[in-house]
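*Asks:* Sharing target-v1.csv below, CSV, C-alpha atoms:
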chain,number,residue,atom,x,y,z
A,139,MET,CA,89.3,14.5,114.4
A,140,LEU,CA,86.4,16.9,115.1
A,141,ALA,CA,88.7,19.9,114.5
A,142,LEU,CA,89.4,18.7,111.0
A,143,SER,CA,85.8,19.1,110.1
A,144,TRP,CA,85.6,22.7,111.1
A,145,SER,CA,85.8,25.5,108.6
A,146,PRO,CA,89.0,27.6,108.2
A,147,LEU,CA,87.3,30.5,109.9
A,148,VAL,CA,86.3,28.5,112.9
A,149,ARG,CA,89.8,27.1,113.2
A,150,ALA,CA,91.2,30.6,113.0
A,151,THR,CA,88.8,31.8,115.7
A,152,THR,CA,89.7,28.9,117.9
A,153,ALA,CA,93.4,29.6,117.4
A,154,ARG,CA,92.9,33.2,118.5
A,155,VAL,CA,91.0,32.1,121.6
A,156,VAL,CA,93.8,29.7,122.6
A,157,ARG,CA,96.5,32.3,121.9
A,158,ARG,CA,94.7,34.9,124.1
A,159,ALA,CA,94.4,32.3,126.8
A,160,LEU,CA,98.1,31.5,126.7
A,161,ALA,CA,99.0,35.1,126.8
A,162,THR,CA,96.9,35.7,129.9
A,163,LYS,CA,98.0,32.3,131.4
A,164,VAL,CA,94.3,31.2,131.7
A,165,PRO,CA,93.7,27.6,130.7
A,166,VAL,CA,91.1,27.3,128.0
A,167,GLU,CA,90.0,24.1,126.4
A,168,ILE,CA,87.8,23.6,123.4
A,169,ALA,CA,84.7,21.6,124.2
A,170,GLU,CA,83.1,19.0,121.9
A,171,LYS,CA,80.8,21.7,120.5
A,172,PRO,CA,82.6,24.0,118.0
A,173,HIS,CA,81.2,27.2,119.5
A,174,VAL,CA,81.7,26.5,123.2
A,175,VAL,CA,84.9,27.0,125.2
A,176,LEU,CA,85.8,25.6,128.6
A,177,GLN,CA,87.4,28.1,131.0
A,178,ASP,CA,88.1,27.4,134.7
A,179,GLY,CA,85.9,24.3,134.5
A,180,ALA,CA,82.9,26.3,133.2
A,181,GLU,CA,81.4,26.1,129.7
A,182,TYR,CA,80.9,29.3,127.8
A,183,ARG,CA,79.2,29.8,124.5
A,184,VAL,CA,81.0,32.0,121.9
A,185,PRO,CA,79.5,33.5,118.8
A,186,ALA,CA,79.6,31.5,115.6
A,187,PRO,CA,81.1,33.0,112.5
A,188,GLU,CA,77.8,33.0,110.7
A,189,GLU,CA,76.2,34.8,113.6
A,190,VAL,CA,78.6,37.7,113.6
A,191,THR,CA,78.2,38.3,109.9
A,192,GLU,CA,74.5,38.9,110.6
A,193,MET,CA,75.1,41.4,113.4
A,194,PRO,CA,73.5,44.8,112.8
A,195,ARG,CA,76.1,47.6,112.4
A,196,LYS,CA,73.8,50.4,111.5
A,197,PHE,CA,70.4,51.5,112.7
A,198,ARG,CA,68.9,50.8,109.3
A,199,GLN,CA,69.7,47.1,109.8
A,200,LEU,CA,67.6,46.9,112.9
A,201,GLY,CA,64.0,45.7,113.0
A,202,ASN,CA,61.0,47.9,113.6
A,203,GLU,CA,60.6,46.9,117.2
A,204,ALA,CA,64.2,47.6,118.0
A,205,ILE,CA,64.0,51.0,116.3
A,206,PHE,CA,60.9,51.8,118.3
A,207,GLU,CA,62.5,50.8,121.6
A,208,LEU,CA,65.6,52.8,121.0
A,209,SER,CA,63.7,55.9,119.7
A,210,ILE,CA,61.6,56.2,122.8
A,211,HIS,CA,64.8,56.3,124.8
A,212,GLY,CA,66.0,59.3,122.8
A,213,LYS,CA,68.6,57.7,120.6
A,214,HIS,CA,68.8,60.1,117.6
A,215,GLY,CA,70.0,57.5,115.2
A,216,ALA,CA,66.9,55.4,116.0
A,217,THR,CA,64.5,58.4,115.8
A,218,ARG,CA,66.0,59.3,112.4
A,219,GLU,CA,65.6,55.8,111.1
A,220,ARG,CA,62.0,55.7,112.4
A,221,LEU,CA,61.2,58.9,110.5
A,222,VAL,CA,62.8,57.4,107.4
A,223,ARG,CA,60.4,54.4,107.6
A,224,GLU,CA,57.5,56.7,108.3
A,225,ILE,CA,58.2,58.6,105.1
A,226,MET,CA,58.5,55.3,103.2
A,227,ARG,CA,55.1,54.3,104.5
A,228,VAL,CA,53.4,57.6,103.8
A,229,ASP,CA,55.0,58.5,100.5
A,230,GLN,CA,55.4,54.9,99.2
A,231,CYS,CA,59.0,55.4,98.3
A,232,ASP,CA,62.2,53.5,98.9
A,233,TRP,CA,64.8,54.0,101.7
A,234,VAL,CA,67.1,56.2,99.6
A,235,VAL,CA,64.4,58.7,98.7
A,236,ALA,CA,63.1,58.7,102.2
A,237,ARG,CA,66.6,59.3,103.6
A,238,GLN,CA,67.0,62.3,101.3
A,239,LYS,CA,63.7,63.7,102.6
A,240,VAL,CA,65.0,63.3,106.2
A,241,SER,CA,68.1,65.2,105.3
A,242,GLU,CA,66.0,68.0,104.0
A,243,MET,CA,63.9,68.0,107.2
A,244,ASN,CA,67.1,68.0,109.2
A,245,ASP,CA,68.3,71.2,107.4
A,246,VAL,CA,64.9,72.8,108.1
A,247,ASN,CA,65.1,71.8,111.7
A,248,ASP,CA,68.6,73.4,112.1
A,249,LYS,CA,67.7,76.6,110.4
A,250,PHE,CA,67.4,78.9,113.5
A,251,ILE,CA,69.9,77.0,115.7
A,252,PRO,CA,72.7,79.6,115.3
A,253,PHE,CA,70.4,82.2,116.9
A,254,ALA,CA,69.3,79.8,119.7
A,255,GLN,CA,73.0,79.1,120.5
A,256,VAL,CA,73.8,82.8,121.1
A,257,PRO,CA,73.0,82.8,124.8
A,258,TYR,CA,75.2,79.8,125.3
A,259,TYR,CA,78.1,81.3,123.4
A,260,VAL,CA,77.7,84.5,125.4
A,261,GLY,CA,77.7,82.6,128.7
A,262,MET,CA,80.6,80.4,127.7
A,263,THR,CA,82.7,83.4,126.6
A,264,SER,CA,81.9,85.6,129.5
A,265,GLY,CA,82.5,82.7,132.0
A,266,PHE,CA,85.9,82.0,130.4
A,267,LEU,CA,86.9,85.6,130.2
A,268,GLY,CA,85.6,86.4,133.7
A,269,GLY,CA,87.6,83.5,135.2
A,270,LEU,CA,90.7,84.5,133.2
A,271,ILE,CA,90.5,88.2,134.1
A,272,SER,CA,90.0,87.4,137.8
A,273,LEU,CA,93.5,86.0,138.1
A,274,PRO,CA,95.4,89.2,137.4
A,275,LEU,CA,92.8,91.3,139.2
A,276,VAL,CA,93.7,89.4,142.4
A,277,PHE,CA,97.3,88.4,142.0
A,278,HIS,CA,99.1,90.7,139.5
A,279,LYS,CA,100.7,93.6,141.2
A,280,GLY,CA,100.4,96.1,138.4
A,281,THR,CA,96.8,95.2,137.6
A,282,VAL,CA,95.8,95.3,141.3
A,283,VAL,CA,97.3,98.7,141.8
A,284,TRP,CA,95.6,100.1,138.7
A,285,PHE,CA,92.3,98.6,139.7
A,286,ALA,CA,92.5,99.9,143.2
A,287,GLU,CA,93.3,103.4,142.1
A,288,ASN,CA,90.9,103.7,139.1
A,289,VAL,CA,88.0,101.4,139.9
A,290,VAL,CA,87.9,101.1,143.7
A,291,LYS,CA,89.0,104.8,143.9
A,292,MET,CA,91.4,104.1,146.8
A,293,ASP,CA,93.9,106.8,147.8
A,294,PRO,CA,97.4,105.9,146.6
A,295,SER,CA,98.6,106.3,150.2
A,296,GLU,CA,96.3,103.4,151.2
A,297,ILE,CA,97.9,101.0,148.7
A,298,PRO,CA,100.9,99.2,150.3
A,299,VAL,CA,102.9,98.9,147.1
A,300,ASP,CA,106.2,98.3,149.0
A,301,GLU,CA,104.7,95.4,150.9
A,302,MET,CA,103.5,93.6,147.7
A,303,THR,CA,106.6,91.5,147.3
A,304,THR,CA,105.0,88.2,146.4
A,305,TRP,CA,101.7,87.2,144.7
A,306,TRP,CA,100.6,86.0,148.1
A,307,THR,CA,100.8,89.5,149.6
A,308,VAL,CA,99.3,91.0,146.4
A,309,GLY,CA,96.3,88.7,146.8
A,310,SER,CA,96.0,89.4,150.5
A,311,PHE,CA,95.6,93.1,149.7
A,312,SER,CA,93.3,92.8,146.7
A,313,TRP,CA,91.0,90.3,148.4
A,314,SER,CA,89.8,93.0,150.8
A,315,TYR,CA,87.8,94.6,148.0
A,316,MET,CA,87.5,91.7,145.5
A,317,GLU,CA,86.0,89.2,148.0
A,318,PRO,CA,82.5,90.9,148.0
A,319,LEU,CA,82.4,90.9,144.2
A,320,LEU,CA,83.7,87.4,143.6
A,321,GLY,CA,81.8,85.9,146.5
A,322,THR,CA,78.5,87.5,145.4
A,323,LEU,CA,79.0,86.4,141.8
A,324,SER,CA,79.7,82.8,143.0
A,325,PHE,CA,76.5,82.8,145.1
A,326,VAL,CA,74.4,84.2,142.2
A,327,LEU,CA,75.6,81.3,140.0
A,328,LEU,CA,75.0,78.8,142.8
A,329,ALA,CA,71.5,80.2,143.3
A,330,ALA,CA,70.8,80.1,139.6
A,331,GLN,CA,71.9,76.4,139.4
A,332,PHE,CA,69.7,75.6,142.4
A,333,SER,CA,66.7,77.3,140.8
A,334,ARG,CA,67.2,75.5,137.6
A,335,ALA,CA,67.3,72.1,139.4
A,336,ASN,CA,64.0,72.8,141.1
A,337,MET,CA,62.5,74.0,137.8
A,338,GLN,CA,63.4,70.7,136.3
A,339,HIS,CA,61.8,68.8,139.2
A,340,LEU,CA,58.6,70.9,138.6
A,341,GLU,CA,58.9,70.2,134.9
A,342,PHE,CA,59.3,73.9,134.1
A,343,HIS,CA,61.3,73.7,130.9
A,344,PRO,CA,64.6,75.5,130.9
A,345,TYR,CA,65.8,77.4,127.9
A,346,SER,CA,67.2,74.4,125.9
A,347,SER,CA,64.2,72.2,126.5
A,348,LYS,CA,61.9,75.1,125.4
A,349,ILE,CA,63.9,75.6,122.2
A,350,ASN,CA,63.7,71.8,121.5
A,351,ALA,CA,60.0,71.8,122.0
A,352,MET,CA,59.6,74.8,119.7
A,353,ARG,CA,61.7,72.9,117.1
A,354,GLY,CA,59.5,69.9,117.3
A,355,ASP,CA,56.3,71.9,117.0
A,356,ARG,CA,57.7,73.8,114.0
A,357,LEU,CA,58.8,70.7,112.2
A,358,CYS,CA,55.4,69.1,112.8
A,359,ARG,CA,53.6,72.1,111.3
A,360,LEU,CA,55.9,72.1,108.2
A,361,TYR,CA,55.4,68.4,107.6
A,362,PRO,CA,51.9,67.6,108.6
A,363,ASN,CA,51.6,64.4,106.5
A,364,TYR,CA,53.7,62.3,108.8
A,365,GLU,CA,53.0,61.1,112.3
A,366,LYS,CA,53.5,64.0,114.7
A,367,SER,CA,55.1,62.0,117.5
A,368,ILE,CA,57.8,60.6,115.1
A,369,VAL,CA,58.6,64.0,113.6
A,370,ARG,CA,58.7,65.6,117.0
A,371,GLU,CA,61.0,63.0,118.5
A,372,PHE,CA,63.4,63.4,115.5
A,373,ALA,CA,63.4,67.2,115.9
A,374,ILE,CA,64.0,67.1,119.7
A,375,THR,CA,66.8,64.5,119.7
A,376,ASP,CA,68.6,66.2,116.8
A,377,SER,CA,71.8,67.7,118.1
A,378,TRP,CA,72.3,71.4,117.9
A,379,ASN,CA,75.9,70.9,116.5
A,380,ARG,CA,75.1,68.5,113.7
If you convert what's in this file into structure tokens, what do you get?
*Replies:*
Amino acid sequence: MLALSWSPLVRATTARVVRRALATKVPVEIAEKPHVVLQDGAEYRVPAPEEVTEMPRKFRQLGNEAIFELSIHGKHGATRERLVREIMRVDQCDWVVARQKVSEMNDVNDKFIPFAQVPYYVGMTSGFLGGLISLPLVFHKGTVVWFAENVVKMDPSEIPVDEMTTWWTVGSFSWSYMEPLLGTLSFVLLAAQFSRANMQHLEFHPYSSKINAMRGDRLCRLYPNYEKSIVREFAITDSWNR
């Protein structure tokens, strides 16, 4: 009789729970309370339909304290919404106008990003090409012979062309002069990574952190009317690819 007093949405939700339980062969019983289920002898509270309709789905639907908590943890959506509310407070405008102001600030913040990305694109491209080129330089017979004659300056009589019948034998020969180069490059990269890790422990800012700090300082100078910490957090958490 209690089920007859439930709303259609509650009954539909209950039916889905029961169907899911039957599909997984786990016995589920509906308790006397409409938003509680019994499973394996334990009572579990489930969300009520009116509760889920009030669930925030966007940062703009969160309260001020939640926005503050998320922003200090570096969530860009929260830092953006926090800046929107700061603009609303200072400029005495509505949310839509403040959001347009934030979009303008975002464009200003991203103005020099293409130049800052150049070292990363250079590193990414050179790393990819270097790894790709190393394969034929070590295992391709024609490339190995050409490299040995023209770069290593080996005498043709010293190159055992007839013995290079498989890529294993080609690699065995080329490794005699490629090992110092590839090994040294690998160690240089390892040393650079180790140095960067220690720089971070000492709070010496690597390149990306330095660029982010410069972005934050620049945006604060361009928009001095707003709280500096809020503007700075927005600038720093803003992705380079947005």
*Asks:* Go through A:Arg237, A:Arg195, A:Lys249, A:Arg370 and flag the residue nearest Ala351 of chain A, using all atoms listed in the file for the distances.
*Replies:*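 The answer is A:Arg370, which sits nearest to Ala351 of chain A.
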*Asks:* Tell me which of A:Pro362, A:Asp245, A:Ser377, A:Gly268 sits closest to Ser324 of chain A, counting only C-alpha atoms.
*Replies:*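 Using only C-alpha atoms, Ser324 of chain A sits closest to A:Gly268.
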*Asks:* I need the residue nearest Val234 of chain A from this list: A:Phe266, A:Glu219, A:Val190, A:Leu357. Use only C-alpha atoms for the distance.
*Replies:*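 Among the listed residues, the smallest separation from Val234 of chain A belongs to A:Glu219.
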*Asks:* For segment 197-208 of chain A, list every protein, DNA or RNA residue within 8 Å, evaluated using only C-alpha atoms, and leave out those in the same chain fewer than 6 positions away; present the list as an NGL selection string.
*Replies:* :A and (215-217 or 219-220)
*Asks:* So which residues are close to (70.9, 68.9, 107.2), meaning at most 12 Å away in the file's coordinates with only C-alpha atoms counted, and can you show them as a list in words?
*Replies:* Arg218, Arg237, Gln238, Lys239, Val240, Ser241, Glu242, Met243, Asn244, Asp245, Val246, Asn247, Asp248, Lys249, Ile251, Ala373, Asp376, Ser377, Trp378, Asn379 and Arg380 of chain A
*Asks:* Rounded to one decimal in Å, what is the spacing between atom CA of Lys196 of chain A and atom CA of Met226 of chain A?
*Replies:*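 It comes out at 18.1 Å.
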*Asks:* Identify which of the residues A:Val260, A:Ala236, A:Val308, A:Ile368 lies closest to Pro274 of chain A, counting all atoms listed in the file when measuring atom-to-atom distances.
*Replies:*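 Checking each candidate against Pro274 of chain A, we get A:Val308 as the closest.
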*Asks:* Mind checking which residues fall within 9 Å of Val369 of chain A, counting only C-alpha atoms, ignoring those fewer than 5 positions away in the same chain, and posting them as JSON, numbers by chain?
*Replies:* {"A": [217, 218, 221, 354, 355, 357, 358, 361, 364, 374]}
*Asks:* Measure the distance from atom CA of Ser310 of chain A to atom CA of Ile271 of chain A in Å and round it to one decimal.
*Replies:*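 Atom CA of Ile271 of chain A lies at a distance of 17.3 Å from atom CA of Ser310 of chain A.
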*Asks:* For segment 344-363 of chain A, take all atoms listed in the file, fit an axis-aligned box around them, add 8 Å to each of the six sides, then output centre and edge lengths in Å rounded to one decimal, as lines of an AutoDock Vina configuration file.
*Replies:*
center_x = 59.4
center_y = 70.9
center_z = 118.7
size_x = 31.6
size_y = 29.0
size_z = 40.4
*Asks:* Mind checking which residues fall within 8 Å of Val276 of chain A, counting all atoms listed in the file, ignoring those fewer than 2 positions away in the same chain, and posting them as a PyMOL selection string?
*Replies:* chain A and resi 272-274+278+282+308-309+312-313+316
*Asks:* Print the selection's residues with C-alpha atoms to a file, as an mmCIF file, in the frame of the given file.
*Replies:*
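Result went into result_29.cif, see below:
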data_model
loop_
_atom_site.group_PDB
_atom_site.id
_atom_site.type_symbol
_atom_site.label_atom_id
_atom_site.label_comp_id
_atom_site.auth_asym_id
_atom_site.auth_seq_id
_atom_site.Cartn_x
_atom_site.Cartn_y
_atom_site.Cartn_z
ATOM 1 C CA SER A 272 90.000 87.400 137.800
ATOM 2 C CA LEU A 273 93.500 86.000 138.100
ATOM 3 C CA PRO A 274 95.400 89.200 137.400
ATOM 4 C CA HIS A 278 99.100 90.700 139.500
ATOM 5 C CA VAL A 282 95.800 95.300 141.300
ATOM 6 C CA VAL A 308 99.300 91.000 146.400
ATOM 7 C CA GLY A 309 96.300 88.700 146.800
ATOM 8 C CA SER A 312 93.300 92.800 146.700
ATOM 9 C CA TRP A 313 91.000 90.300 148.400
ATOM 10 C CA MET A 316 87.500 91.700 145.500
#
*Asks:* Neighbouring residues of Trp284 of chain A were defined as those with any atom within 12 Å, considering only C-alpha atoms; residues of the same chain fewer than 2 positions away were excluded. Please report them as a list in words.
*Replies:*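 So, after excluding close chain neighbours, the residues are Pro274, Leu275, Val276, His278, Lys279, Gly280, Thr281, Val282, Ala286, Glu287, Asn288, Val289, Val290, Lys291, Met292, Asp293, Pro294, Ile297, Val299 and Ser312 of chain A.
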*Asks:* Which value, in Å to one decimal, gives the distance between atom CA of Thr375 of chain A and atom CA of Met262 of chain A?
*Replies:* 22.5 Å
*Asks:* Pick from A:Glu365, A:Ala335, A:Phe277, A:Val174: nearest to Arg223 of chain A, with all atoms listed in the file counted?
*Replies:*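 So, comparing all the options, the nearest one is A:Glu365.
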*Asks:* Pick out the closest residue to Val222 of chain A from this set: A:Pro257, A:Phe372, A:Leu323, A:Thr191. Count all atoms listed in the file.
*Replies:*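 Selected residue with least distance to Val222 of chain A: A:Phe372.
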*Asks:* Can you save segment 304-327 of chain A of the given block to a file, including N, CA, C and O atoms and formatted as a short mmCIF file (atom, residue, chain, number, x, y, z; two decimals), in the first residue's frame?
*Replies:*
data_model
loop_
_atom_site.label_atom_id
_atom_site.label_comp_id
_atom_site.auth_asym_id
_atom_site.auth_seq_id
_atom_site.Cartn_x
_atom_site.Cartn_y
_atom_site.Cartn_z
N THR A 304 71.24 -9.95 -42.09
CA THR A 304 70.00 -9.70 -41.34
C THR A 304 70.14 -8.38 -40.60
O THR A 304 71.24 -7.82 -40.48
N TRP A 305 69.02 -7.88 -40.10
CA TRP A 305 69.09 -6.62 -39.37
C TRP A 305 69.80 -6.79 -38.04
O TRP A 305 70.31 -5.83 -37.46
N TRP A 306 69.89 -8.04 -37.56
CA TRP A 306 70.68 -8.30 -36.36
C TRP A 306 72.17 -8.04 -36.62
O TRP A 306 72.85 -7.39 -35.82
N THR A 307 72.66 -8.56 -37.73
CA THR A 307 74.08 -8.37 -38.05
C THR A 307 74.38 -6.93 -38.42
O THR A 307 75.46 -6.41 -38.14
N VAL A 308 73.40 -6.26 -39.06
CA VAL A 308 73.57 -4.83 -39.36
C VAL A 308 73.69 -4.04 -38.07
O VAL A 308 74.57 -3.19 -37.91
N GLY A 309 72.81 -4.31 -37.12
CA GLY A 309 72.85 -3.61 -35.84
C GLY A 309 74.10 -3.91 -35.05
O GLY A 309 74.63 -3.04 -34.35
N SER A 310 74.59 -5.14 -35.16
CA SER A 310 75.81 -5.51 -34.45
C SER A 310 77.00 -4.69 -34.95
O SER A 310 77.85 -4.27 -34.16
N PHE A 311 77.04 -4.44 -36.26
CA PHE A 311 78.14 -3.64 -36.80
C PHE A 311 77.97 -2.16 -36.46
O PHE A 311 78.90 -1.50 -35.99
N SER A 312 76.76 -1.61 -36.69
CA SER A 312 76.56 -0.18 -36.49
C SER A 312 76.68 0.22 -35.02
O SER A 312 77.05 1.35 -34.71
N TRP A 313 76.40 -0.72 -34.14
CA TRP A 313 76.45 -0.39 -32.71
C TRP A 313 77.86 -0.07 -32.24
O TRP A 313 78.04 0.59 -31.22
N SER A 314 78.86 -0.50 -32.97
CA SER A 314 80.24 -0.23 -32.57
C SER A 314 80.55 1.26 -32.56
O SER A 314 81.37 1.72 -31.77
N TYR A 315 79.90 2.02 -33.44
CA TYR A 315 80.12 3.47 -33.43
C TYR A 315 78.88 4.26 -33.00
O TYR A 315 78.98 5.44 -32.68
N MET A 316 77.69 3.63 -32.99
CA MET A 316 76.49 4.33 -32.56
C MET A 316 76.31 4.30 -31.04
O MET A 316 75.65 5.17 -30.47
N GLU A 317 76.89 3.31 -30.40
CA GLU A 317 76.70 3.19 -28.95
C GLU A 317 77.18 4.41 -28.18
O GLU A 317 76.46 4.90 -27.29
N PRO A 318 78.38 4.95 -28.45
CA PRO A 318 78.79 6.14 -27.69
C PRO A 318 77.84 7.32 -27.87
O PRO A 318 77.52 8.02 -26.89
N LEU A 319 77.36 7.53 -29.09
CA LEU A 319 76.47 8.66 -29.35
C LEU A 319 75.12 8.48 -28.66
O LEU A 319 74.67 9.35 -27.89
N LEU A 320 74.48 7.34 -28.91
CA LEU A 320 73.16 7.12 -28.33
C LEU A 320 73.22 6.98 -26.81
O LEU A 320 72.34 7.46 -26.09
N GLY A 321 74.26 6.34 -26.33
CA GLY A 321 74.41 6.19 -24.88
C GLY A 321 74.63 7.53 -24.20
O GLY A 321 74.06 7.79 -23.13
N THR A 322 75.44 8.38 -24.80
CA THR A 322 75.69 9.70 -24.21
C THR A 322 74.44 10.56 -24.23
O THR A 322 74.12 11.25 -23.25
N LEU A 323 73.70 10.53 -25.34
CA LEU A 323 72.46 11.30 -25.42
C LEU A 323 71.45 10.83 -24.37
O LEU A 323 70.77 11.64 -23.73
N SER A 324 71.37 9.52 -24.19
CA SER A 324 70.45 8.99 -23.18
C SER A 324 70.85 9.44 -21.78
O SER A 324 70.00 9.81 -20.96
N PHE A 325 72.15 9.45 -21.51
CA PHE A 325 72.61 9.89 -20.19
C PHE A 325 72.38 11.39 -19.99
O PHE A 325 72.04 11.82 -18.88
N VAL A 326 72.55 12.17 -21.05
CA VAL A 326 72.30 13.61 -20.95
C VAL A 326 70.83 13.87 -20.59
O VAL A 326 70.52 14.70 -19.73
N LEU A 327 69.92 13.15 -21.25
CA LEU A 327 68.50 13.31 -20.94
C LEU A 327 68.19 12.86 -19.51
O LEU A 327 67.40 13.50 -18.81
#
